[in-house]
Each structure stands twice: as structure tokens, then as C-alpha cells.
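Chemist: See run24.tsv below, with TSV, C-alpha atoms.
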```
chain	number	residue	atom	x	y	z
A	821	MET	CA	19.75	2.37	-11.47
A	822	LYS	CA	17.74	-0.59	-12.75
A	823	ASN	CA	19.17	-2.77	-9.98
A	824	GLN	CA	17.92	-0.51	-7.21
A	825	SER	CA	14.92	-1.73	-5.21
A	826	VAL	CA	13.16	1.63	-5.55
A	827	LEU	CA	13.49	4.09	-8.43
A	828	TYR	CA	12.62	7.78	-8.48
A	829	GLU	CA	12.23	10.26	-11.32
A	830	THR	CA	10.40	13.50	-12.02
A	831	LYS	CA	8.31	14.43	-15.05
A	832	GLU	CA	7.41	18.10	-15.18
A	833	LYS	CA	5.97	18.79	-11.72
A	834	THR	CA	5.24	15.15	-10.86
A	835	GLY	CA	7.44	12.77	-8.88
A	836	ILE	CA	7.27	9.07	-9.75
A	837	ILE	CA	8.35	6.36	-7.30
A	838	THR	CA	8.69	2.87	-8.78
A	839	LEU	CA	8.99	-0.20	-6.56
A	840	ASN	CA	11.58	-2.22	-8.43
A	841	ARG	CA	11.75	-5.83	-7.28
A	842	PRO	CA	9.72	-7.42	-10.11
A	843	ASP	CA	11.13	-10.91	-9.54
A	844	ASN	CA	9.77	-10.74	-5.97
A	845	ARG	CA	6.50	-9.02	-6.94
A	846	ASN	CA	7.87	-5.76	-5.49
A	847	SER	CA	7.55	-7.16	-1.98
A	848	MET	CA	8.86	-5.19	0.98
A	849	ASP	CA	12.36	-6.09	2.10
A	850	GLU	CA	14.80	-4.12	4.25
A	851	GLU	CA	16.38	-2.24	1.35
A	852	THR	CA	13.00	-1.28	-0.06
A	853	LEU	CA	11.88	0.15	3.27
A	854	THR	CA	15.02	2.24	3.76
A	855	THR	CA	15.19	3.58	0.21
A	856	PHE	CA	11.47	4.32	0.02
A	857	SER	CA	11.63	6.26	3.29
A	858	GLU	CA	14.54	8.38	2.04
A	859	ILE	CA	12.73	9.19	-1.20
A	860	ILE	CA	9.55	10.22	0.62
A	861	GLU	CA	11.59	12.54	2.84
A	862	ASN	CA	13.13	14.16	-0.24
A	863	VAL	CA	9.71	14.53	-1.86
A	864	GLN	CA	8.51	16.36	1.25
A	865	LYS	CA	11.39	18.81	0.97
A	866	SER	CA	10.72	19.61	-2.70
A	867	LYS	CA	9.11	22.97	-3.40
A	868	ASP	CA	8.46	22.25	-7.08
A	869	LEU	CA	6.38	19.07	-7.07
A	870	ARG	CA	2.61	19.25	-7.47
A	871	CYS	CA	1.82	15.52	-7.36
A	872	LEU	CA	3.42	12.17	-6.47
A	873	ILE	CA	2.79	8.86	-8.26
A	874	ILE	CA	3.70	5.48	-6.75
A	875	THR	CA	3.84	2.49	-9.07
A	876	GLY	CA	5.59	-0.85	-9.51
A	877	SER	CA	7.71	-2.58	-12.12
A	878	GLY	CA	6.75	-5.84	-13.76
A	879	ASN	CA	3.37	-7.48	-13.16
A	880	SER	CA	2.82	-6.39	-9.54
A	881	PHE	CA	2.26	-3.11	-7.77
A	882	CYS	CA	3.31	-4.55	-4.40
A	883	ALA	CA	2.85	-7.97	-2.79
A	884	GLY	CA	3.36	-6.79	0.79
A	885	ALA	CA	5.95	-8.24	3.14
A	886	ASP	CA	8.72	-10.45	1.78
A	887	PHE	CA	8.05	-13.65	3.77
A	888	LYS	CA	10.92	-15.43	2.05
A	889	GLN	CA	13.55	-12.95	3.23
A	890	GLY	CA	12.03	-11.47	6.38
A	891	PHE	CA	13.48	-8.44	8.13
A	892	LYS	CA	16.99	-8.33	9.52
A	893	GLY	CA	18.48	-6.59	12.52
A	894	ILE	CA	15.41	-6.74	14.75
A	895	GLY	CA	17.38	-7.74	17.85
A	896	GLU	CA	15.25	-7.81	21.00
A	897	MET	CA	12.37	-5.77	19.58
A	898	MET	CA	8.78	-6.81	20.36
A	899	ILE	CA	6.96	-8.22	17.35
A	900	ASN	CA	4.60	-5.23	17.18
A	901	GLU	CA	7.66	-2.95	17.13
A	902	VAL	CA	9.10	-4.96	14.27
A	903	LEU	CA	5.83	-4.61	12.36
A	904	MET	CA	5.62	-0.85	12.92
A	905	ARG	CA	9.24	-0.50	11.84
A	906	ALA	CA	8.27	-2.16	8.57
A	907	TYR	CA	5.11	-0.08	8.12
A	908	LYS	CA	6.43	3.37	8.98
A	909	PRO	CA	8.12	4.13	5.63
A	910	PHE	CA	4.88	3.39	3.80
A	911	LEU	CA	2.74	5.22	6.37
A	912	LYS	CA	4.87	8.28	5.58
A	913	VAL	CA	2.93	8.54	2.32
A	914	GLY	CA	0.13	9.97	4.46
A	915	GLU	CA	2.41	12.84	5.50
A	916	VAL	CA	3.05	13.99	1.92
A	917	ASN	CA	1.33	17.36	1.53
A	918	ILE	CA	0.74	17.09	-2.22
A	919	PRO	CA	-1.78	14.70	-3.83
A	920	THR	CA	-0.57	11.11	-4.12
A	921	ILE	CA	-1.68	8.63	-6.77
A	922	ALA	CA	-1.23	4.86	-6.65
A	923	ALA	CA	-0.70	3.69	-10.23
A	924	MET	CA	-1.48	0.05	-9.49
A	925	ASN	CA	0.04	-1.51	-12.60
A	926	GLY	CA	-0.47	-5.01	-11.20
A	927	HIS	CA	-1.51	-6.93	-8.11
A	928	ALA	CA	-1.61	-5.13	-4.75
A	929	ILE	CA	-2.13	-7.53	-1.86
A	930	GLY	CA	-1.77	-7.41	1.92
A	931	GLY	CA	0.70	-4.72	2.95
A	932	GLY	CA	1.00	-3.67	-0.68
A	933	PHE	CA	-2.73	-3.09	-0.72
A	934	GLY	CA	-2.25	-1.00	2.43
A	935	LEU	CA	0.32	1.13	0.61
A	936	ALA	CA	-2.20	1.79	-2.17
A	937	LEU	CA	-4.82	2.77	0.42
A	938	MET	CA	-2.43	5.37	1.87
A	939	CYS	CA	-2.57	7.24	-1.44
A	940	ASP	CA	-5.25	9.84	-2.16
A	941	ILE	CA	-6.21	8.43	-5.56
A	942	ARG	CA	-5.91	4.95	-7.07
A	943	ILE	CA	-5.69	3.84	-10.70
A	944	ALA	CA	-6.18	0.08	-11.09
A	945	ASN	CA	-5.24	-2.46	-13.73
A	946	GLU	CA	-8.68	-3.79	-14.67
A	947	LYS	CA	-7.48	-7.42	-14.69
A	948	ALA	CA	-5.13	-7.38	-11.67
A	949	LYS	CA	-6.06	-8.59	-8.19
A	950	TYR	CA	-6.38	-6.38	-5.12
A	951	GLY	CA	-7.25	-7.02	-1.52
A	952	ALA	CA	-6.40	-7.62	2.11
A	953	ASN	CA	-5.85	-11.37	2.36
A	954	PHE	CA	-4.58	-11.25	5.96
A	955	ALA	CA	-7.31	-13.50	7.39
A	956	ARG	CA	-6.47	-16.11	4.77
A	957	LEU	CA	-2.92	-16.10	6.15
A	958	GLY	CA	-4.12	-16.50	9.73
A	959	VAL	CA	-3.14	-12.97	10.79
A	960	HIS	CA	-4.77	-9.67	11.65
A	961	SER	CA	-4.51	-6.86	9.10
A	962	GLY	CA	-1.71	-4.30	9.26
A	963	MET	CA	-0.77	-0.96	7.68
A	964	ALA	CA	-4.03	0.57	9.03
A	965	VAL	CA	-6.04	-1.39	6.44
A	966	SER	CA	-8.93	-2.09	8.84
A	967	TYR	CA	-9.08	1.65	9.57
A	968	ILE	CA	-8.85	3.02	6.03
A	969	LEU	CA	-10.85	0.50	3.98
A	970	PRO	CA	-14.27	1.12	5.65
A	971	ARG	CA	-13.75	4.85	5.19
A	972	ILE	CA	-13.26	4.38	1.45
A	973	ILE	CA	-15.82	1.73	0.46
A	974	GLY	CA	-18.19	1.66	3.43
A	975	LEU	CA	-18.51	-0.71	6.36
A	976	PRO	CA	-20.52	-3.65	4.90
A	977	MET	CA	-18.28	-4.14	1.86
A	978	ALA	CA	-15.10	-3.62	3.92
A	979	ASN	CA	-16.32	-6.22	6.41
A	980	GLU	CA	-16.92	-8.71	3.61
A	981	LEU	CA	-13.51	-8.22	2.04
A	982	LEU	CA	-11.61	-8.29	5.35
A	983	PHE	CA	-13.42	-11.28	6.85
A	984	THR	CA	-13.11	-13.39	3.70
A	985	GLY	CA	-9.65	-12.20	2.65
A	986	ARG	CA	-11.07	-12.14	-0.86
A	987	LEU	CA	-9.12	-10.60	-3.73
A	988	ILE	CA	-11.04	-8.58	-6.33
A	989	THR	CA	-10.21	-7.40	-9.83
A	990	GLY	CA	-9.37	-3.83	-10.67
A	991	GLU	CA	-12.66	-3.62	-12.55
A	992	LYS	CA	-14.53	-4.56	-9.37
A	993	ALA	CA	-12.37	-2.17	-7.33
A	994	ALA	CA	-13.50	0.73	-9.50
A	995	ALA	CA	-17.12	-0.39	-9.32
A	996	ILE	CA	-17.14	-0.22	-5.49
A	997	GLY	CA	-15.22	3.04	-5.28
A	998	LEU	CA	-11.93	1.54	-4.16
A	999	ALA	CA	-10.20	2.73	-7.33
A	1000	ASN	CA	-10.95	5.92	-9.24
A	1001	TYR	CA	-10.36	4.22	-12.58
A	1002	ALA	CA	-9.73	0.72	-13.93
A	1003	VAL	CA	-7.84	0.63	-17.22
A	1004	LYS	CA	-5.71	-1.75	-19.23
A	1005	GLU	CA	-2.34	-2.62	-17.70
A	1006	ALA	CA	-0.41	-0.69	-20.34
A	1007	ASP	CA	-2.47	2.44	-19.64
A	1008	VAL	CA	-2.25	2.58	-15.82
A	1009	LEU	CA	0.82	4.79	-15.46
A	1010	GLN	CA	-0.19	7.05	-18.34
A	1011	LYS	CA	-3.62	7.58	-16.78
A	1012	ALA	CA	-1.95	8.49	-13.49
A	1013	ILE	CA	0.39	10.94	-15.26
A	1014	GLU	CA	-2.54	12.55	-17.08
A	1015	LEU	CA	-4.41	12.97	-13.79
A	1016	ALA	CA	-1.29	14.35	-12.10
A	1017	ASP	CA	-0.89	16.85	-14.95
A	1018	GLU	CA	-4.49	17.94	-14.49
A	1019	ILE	CA	-3.96	18.39	-10.75
A	1020	SER	CA	-0.79	20.36	-11.47
A	1021	LYS	CA	-2.85	22.99	-13.30
A	1022	SER	CA	-4.65	23.86	-10.06
A	1023	ALA	CA	-3.23	26.40	-7.62
A	1024	PRO	CA	-0.67	24.43	-5.54
A	1025	VAL	CA	-1.32	26.11	-2.20
A	1026	ALA	CA	-5.07	25.70	-2.59
A	1027	VAL	CA	-4.64	22.00	-3.37
A	1028	LYS	CA	-2.40	21.46	-0.35
A	1029	MET	CA	-4.86	23.25	1.91
A	1030	LEU	CA	-7.75	21.26	0.45
A	1031	LYS	CA	-5.92	18.02	1.18
A	1032	GLN	CA	-5.36	19.12	4.77
A	1033	SER	CA	-9.01	20.11	5.18
A	1034	ILE	CA	-10.31	16.86	3.72
A	1035	TYR	CA	-8.32	14.63	6.08
A	1036	ARG	CA	-8.76	16.90	9.10
A	1037	GLY	CA	-12.52	16.67	8.55
A	1038	LEU	CA	-12.24	12.87	8.63
A	1039	THR	CA	-10.25	12.97	11.89
A	1040	TRP	CA	-7.68	10.99	9.93
A	1041	ASN	CA	-5.05	9.10	11.94
A	1042	PRO	CA	-3.83	5.95	10.15
A	1043	VAL	CA	-0.57	5.88	12.13
A	1044	MET	CA	-2.46	5.45	15.39
A	1045	ALA	CA	-4.60	2.77	13.73
A	1046	ALA	CA	-1.49	0.98	12.46
A	1047	GLU	CA	-0.03	0.97	15.96
A	1048	ILE	CA	-3.18	-0.70	17.31
A	1049	GLU	CA	-3.20	-3.15	14.42
A	1050	SER	CA	0.45	-4.04	15.05
A	1051	LEU	CA	-0.49	-5.29	18.52
A	1052	CYS	CA	-3.29	-7.47	17.12
A	1053	GLN	CA	-1.24	-8.62	14.17
A	1054	GLY	CA	1.71	-9.43	16.44
A	1055	LYS	CA	-0.53	-11.62	18.58
A	1056	THR	CA	-1.83	-13.55	15.57
A	1057	PHE	CA	1.71	-14.01	14.22
A	1058	GLU	CA	2.47	-15.97	17.40
A	1059	MET	CA	-0.38	-18.43	16.71
A	1060	GLU	CA	-0.18	-21.72	14.84
A	1061	ASP	CA	-2.77	-20.56	12.31
A	1062	SER	CA	-0.42	-17.86	10.99
A	1063	LYS	CA	2.36	-20.41	10.53
A	1064	GLU	CA	-0.07	-22.61	8.63
A	1065	GLY	CA	-1.39	-19.70	6.56
A	1066	ILE	CA	2.03	-18.47	5.48
A	1067	SER	CA	3.26	-22.01	4.80
A	1068	ALA	CA	0.20	-22.66	2.66
A	1069	LEU	CA	0.84	-19.45	0.72
A	1070	LEU	CA	4.44	-20.36	-0.02
A	1071	GLU	CA	3.48	-23.95	-0.87
A	1072	LYS	CA	0.55	-22.75	-3.03
A	1073	ARG	CA	-2.10	-24.79	-1.26
A	1074	GLU	CA	-5.24	-24.15	0.81
A	1075	PRO	CA	-4.56	-23.54	4.52
A	1076	VAL	CA	-6.13	-25.70	7.22
A	1077	PHE	CA	-6.85	-23.50	10.22
A	1078	THR	CA	-7.55	-24.87	13.69
A	1079	GLY	CA	-8.16	-21.69	15.68
A	1080	MET	CA	-4.93	-22.18	17.62
```
For this file, produce the structure as C-alpha cells.

Modeler:
Amino acid sequence: MKNQSVLYETKEKTGIITLNRPDNRNSMDEETLTTFSEIIENVQKSKDLRCLIITGSGNSFCAGADFKQGFKGIGEMMINEVLMRAYKPFLKVGEVNIPTIAAMNGHAIGGGFGLALMCDIRIANEKAKYGANFARLGVHSGMAVSYILPRIIGLPMANELLFTGRLITGEKAAAIGLANYAVKEADVLQKAIELADEISKSAPVAVKMLKQSIYRGLTWNPVMAAEIESLCQGKTFEMEDSKEGISALLEKREPVFTGM
């Protein structure tokens, strides 16, 4: 079990998904996508669960796409189709009809940050880093981040974080309303479990209906937003700046962008 890329367990009426590639900062590879998708489908079928927690092993929640490995078996697919294929398992979190909590034990960056945004509630590690660093990699955001983030923290702050690609601490994330709580690393999962237990004491049908009403009132459609983003992101992936940005990330240096 410990060698699997994604782990799943239940505690009382709470399901817990753990991204389990700590040596790769729980980045998204092909196996992770497939296994995660299967687990989400099983969660949806469960009649006993009252809450779902998503967390990571090691020092990261999720680092986003695995640039070192890439995605296999893409054949003749368009780049935006490849991107949506990678995003869809994580976008499925939005289809879960019970409350979802991101127990962000460590860093959540890029696509991993997008996964956290898909959850209803977020618990941050006060010292970890969070953010959408896409622009610093020379690419457009993905995973509906540009759609969800302004709806959570407001337009001016979302603009600042997206345009700069800045990463912020969990403490700052809680201060701007991005995270519900910021606690010590060792306390993140326990805080999420305590909150899930509290939610579980509420009437399950009422909670499910409340969740539906909340998102219906927001005219919530992150999948459509992700599809639009995939077109923009695909275009930027074809540019020289994205090659420079990703190379700089892997080489741990500052990128030099030319606008090409």
C-alpha cells in the first residue's frame, strides 16, 4: 500500500485520500491521475461518507504536473486535450456531493494549488508555500485557477497573485481568506479530521443540499473554465517563454523571458 501513488482510507464517516509520491512532491503523473479518478468515483458511490479529506504525504500537498516525467500515451491529441485529460480527475472533486476539505500539509503550487481550490474548505500549514506560479513558468494558468481564485479572495488580490506568480505562506493564505485555518504542519490533518467530524454531526441530506445551493447560486462551472484555460495554456506551452520558464524551474534559476 505504501508504494501506491494514491492512498485511501476511511475514519468513521470520513474518507481520506493521500497523494503518495513524497519524493516527487506528490506531483501529478499518469498513475496518480488514474488512481485518483477511480477513488473519487468510489467516493461518489458511497452512501455512508459525510465528508472527504484530501491530503499529501511528506512535505508537500501537491506540486502540480510532473515536468520530469510528463504524460504518456497522448498520441495525436491536441495540447489542450492533453491538458484537460490531466485536469479532469482533479476537477472531479467538484462533483463530489459531500463537503471536501484540502488538508494542505505542505506546499501546494500550480496544478496542486488548483486541486486545493477545488475543495470546499482548506486547512493550511502556516509555514508552507501556496500559489499559482504559472506566469513565472511562462504559461497561462490551468485547472480553472483563474476562475476560482477571484471568487474566493476577491479580484484585486487574485490579480496580484496571478500576475506576479507569487507564492504565499499558509499564514498569509488564512489572512486573506484563501484558507479557513493555518496551523502547524503536524496539526493540519488532525484539524481537518476534527472539522470533518463536526460536519458529520449535521444532517447529511441537508448538508448535501446546502452544498448544491451554494454553488448553484454562484453559477459555478469550473470545468467550463478549465476548458477555456486549456486553450490559453496550450498556446503558451508552444512559446519559447514556457520552455525557458520550465527549464529555469528545473535548473533552480531565475527565468529570462523575451515575450516570444

Chemist: Would you list the residues near (5.2, -9.8, -13.3) (no more than 12 Å away, in the coordinates of the file, using all atoms listed in the file) as a ChimeraX atom specification?

Modeler: /A:840-847,876-883,925-928,948,1005

Chemist: Counting only C-alpha atoms, which residues of segment 913-948 of chain A sit at most 12 Å from some atom of segment 957-960 of chain A, and what is each one's closest atom pair with its distance in Å to one decimal, listed by chain and rising residue number, as JSON lines?

Modeler:
```
{"residue": "A:Ile929", "atom": "CA", "partner": "A:Leu957", "partner_atom": "CA", "distance": 11.8}
{"residue": "A:Gly930", "atom": "CA", "partner": "A:Leu957", "partner_atom": "CA", "distance": 9.7}
{"residue": "A:Gly931", "atom": "CA", "partner": "A:His960", "partner_atom": "CA", "distance": 11.4}
```

Chemist: Might you pull out every residue within 10 Å of Arg956 of chain A, with all atoms listed in the file counted and same-chain residues fewer than 5 positions away left off, and present them as a list in words?

Modeler: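 Listed by chain and then number, they are Leu982, Phe983, Thr984, Gly985, Arg986, Asp1061, Ser1062, Glu1064, Gly1065, Ile1066, Ala1068, Leu1069, Glu1074, Pro1075, Val1076 and Phe1077 of chain A.
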
Chemist: What does the distance from atom CA of Ala906 of chain A to atom CA of Ala955 of chain A come to in Å, to one decimal?

Modeler: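 Result for atom CA of Ala906 of chain A versus atom CA of Ala955 of chain A: 19.3 Å, one decimal.
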
Chemist: Env of Thr989 of chain A: 6 Å cut, atoms = only C-alpha atoms, seq-sep filter 3 positions within chain, self excluded. Answer as a list in words.

Modeler: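 My list of contacting residues is Lys947, Ala948, Lys949 and Lys992 of chain A.
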
Chemist: Store the residues picked out above in a file with C-alpha atoms, as a compact mmCIF listing (two decimals), in the coordinates of the input.

Modeler:
```txt
# COMPACT_ATOMS: atom_id res chain seq x y z
CA LYS A 947 -7.48 -7.42 -14.69
CA ALA A 948 -5.13 -7.38 -11.67
CA LYS A 949 -6.06 -8.59 -8.19
CA LYS A 992 -14.53 -4.56 -9.37
```

Chemist: Point out the residue among A:Arg905, A:Arg870, A:Lys831, A:Lys1011 with the least atom-to-atom distance to Glu1047 of chain A, counting all atoms listed in the file.

Modeler: A:Arg905

Chemist: Quick one: residues within 6 Å of segment 1054-1059 of chain A, only C-alpha atoms, excluding same-chain residues fewer than 3 positions away - as a PyMOL selection string?

Modeler: chain A and resi 899-900+959+1050-1051+1062+1080

Chemist: Extract, using only C-alpha atoms, all DNA, RNA and protein residues at most 12 Å from Met904 of chain A, discarding same-chain residues fewer than 4 positions from it, and format them as an MDAnalysis selection string.

Modeler: chainID A and resid 853 891 894 897:900 908:912 931 962:964 1042:1054

Chemist: Excluding segment 915-917 of chain A and residues on its chain fewer than 6 positions from it, collect all residues at most 12 Å away from it, counting all atoms listed in the file, and give them as JSON, numbers by chain.

Modeler: {"A": [835, 857, 859, 860, 861, 862, 863, 864, 865, 866, 867, 869, 870, 871, 872, 873, 908, 909, 938, 939, 940, 1024, 1025, 1026, 1027, 1028, 1029, 1030, 1031, 1032, 1033, 1034, 1035, 1040, 1041, 1042, 1043]}

Chemist: What is the distance between atom CA of Ile968 of chain A and atom CA of Arg942 of chain A, in Å to one decimal?

Modeler: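 Distance between the two atoms: 13.6 Å.
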
Chemist: Looking at A:Ile1019, A:Ala944, A:Ala999, A:Leu827, which one is nearest to Thr852 of chain A, with distances taken over only C-alpha atoms?

Modeler: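 The closest residue to Thr852 of chain A is A:Leu827.
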
Chemist: Could you tell me which of A:Thr830, A:Ser1022, A:Ser966, A:Thr920 comes closest to Ile943 of chain A if we count all atoms listed in the file?

Modeler: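 Closest to Ile943 of chain A, using all atoms listed in the file: A:Thr920.
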
Chemist: At what distance in Å, to one decimal, does atom CA of Asp849 of chain A lie from atom CA of Ile921 of chain A?

Modeler: 22.2 Å
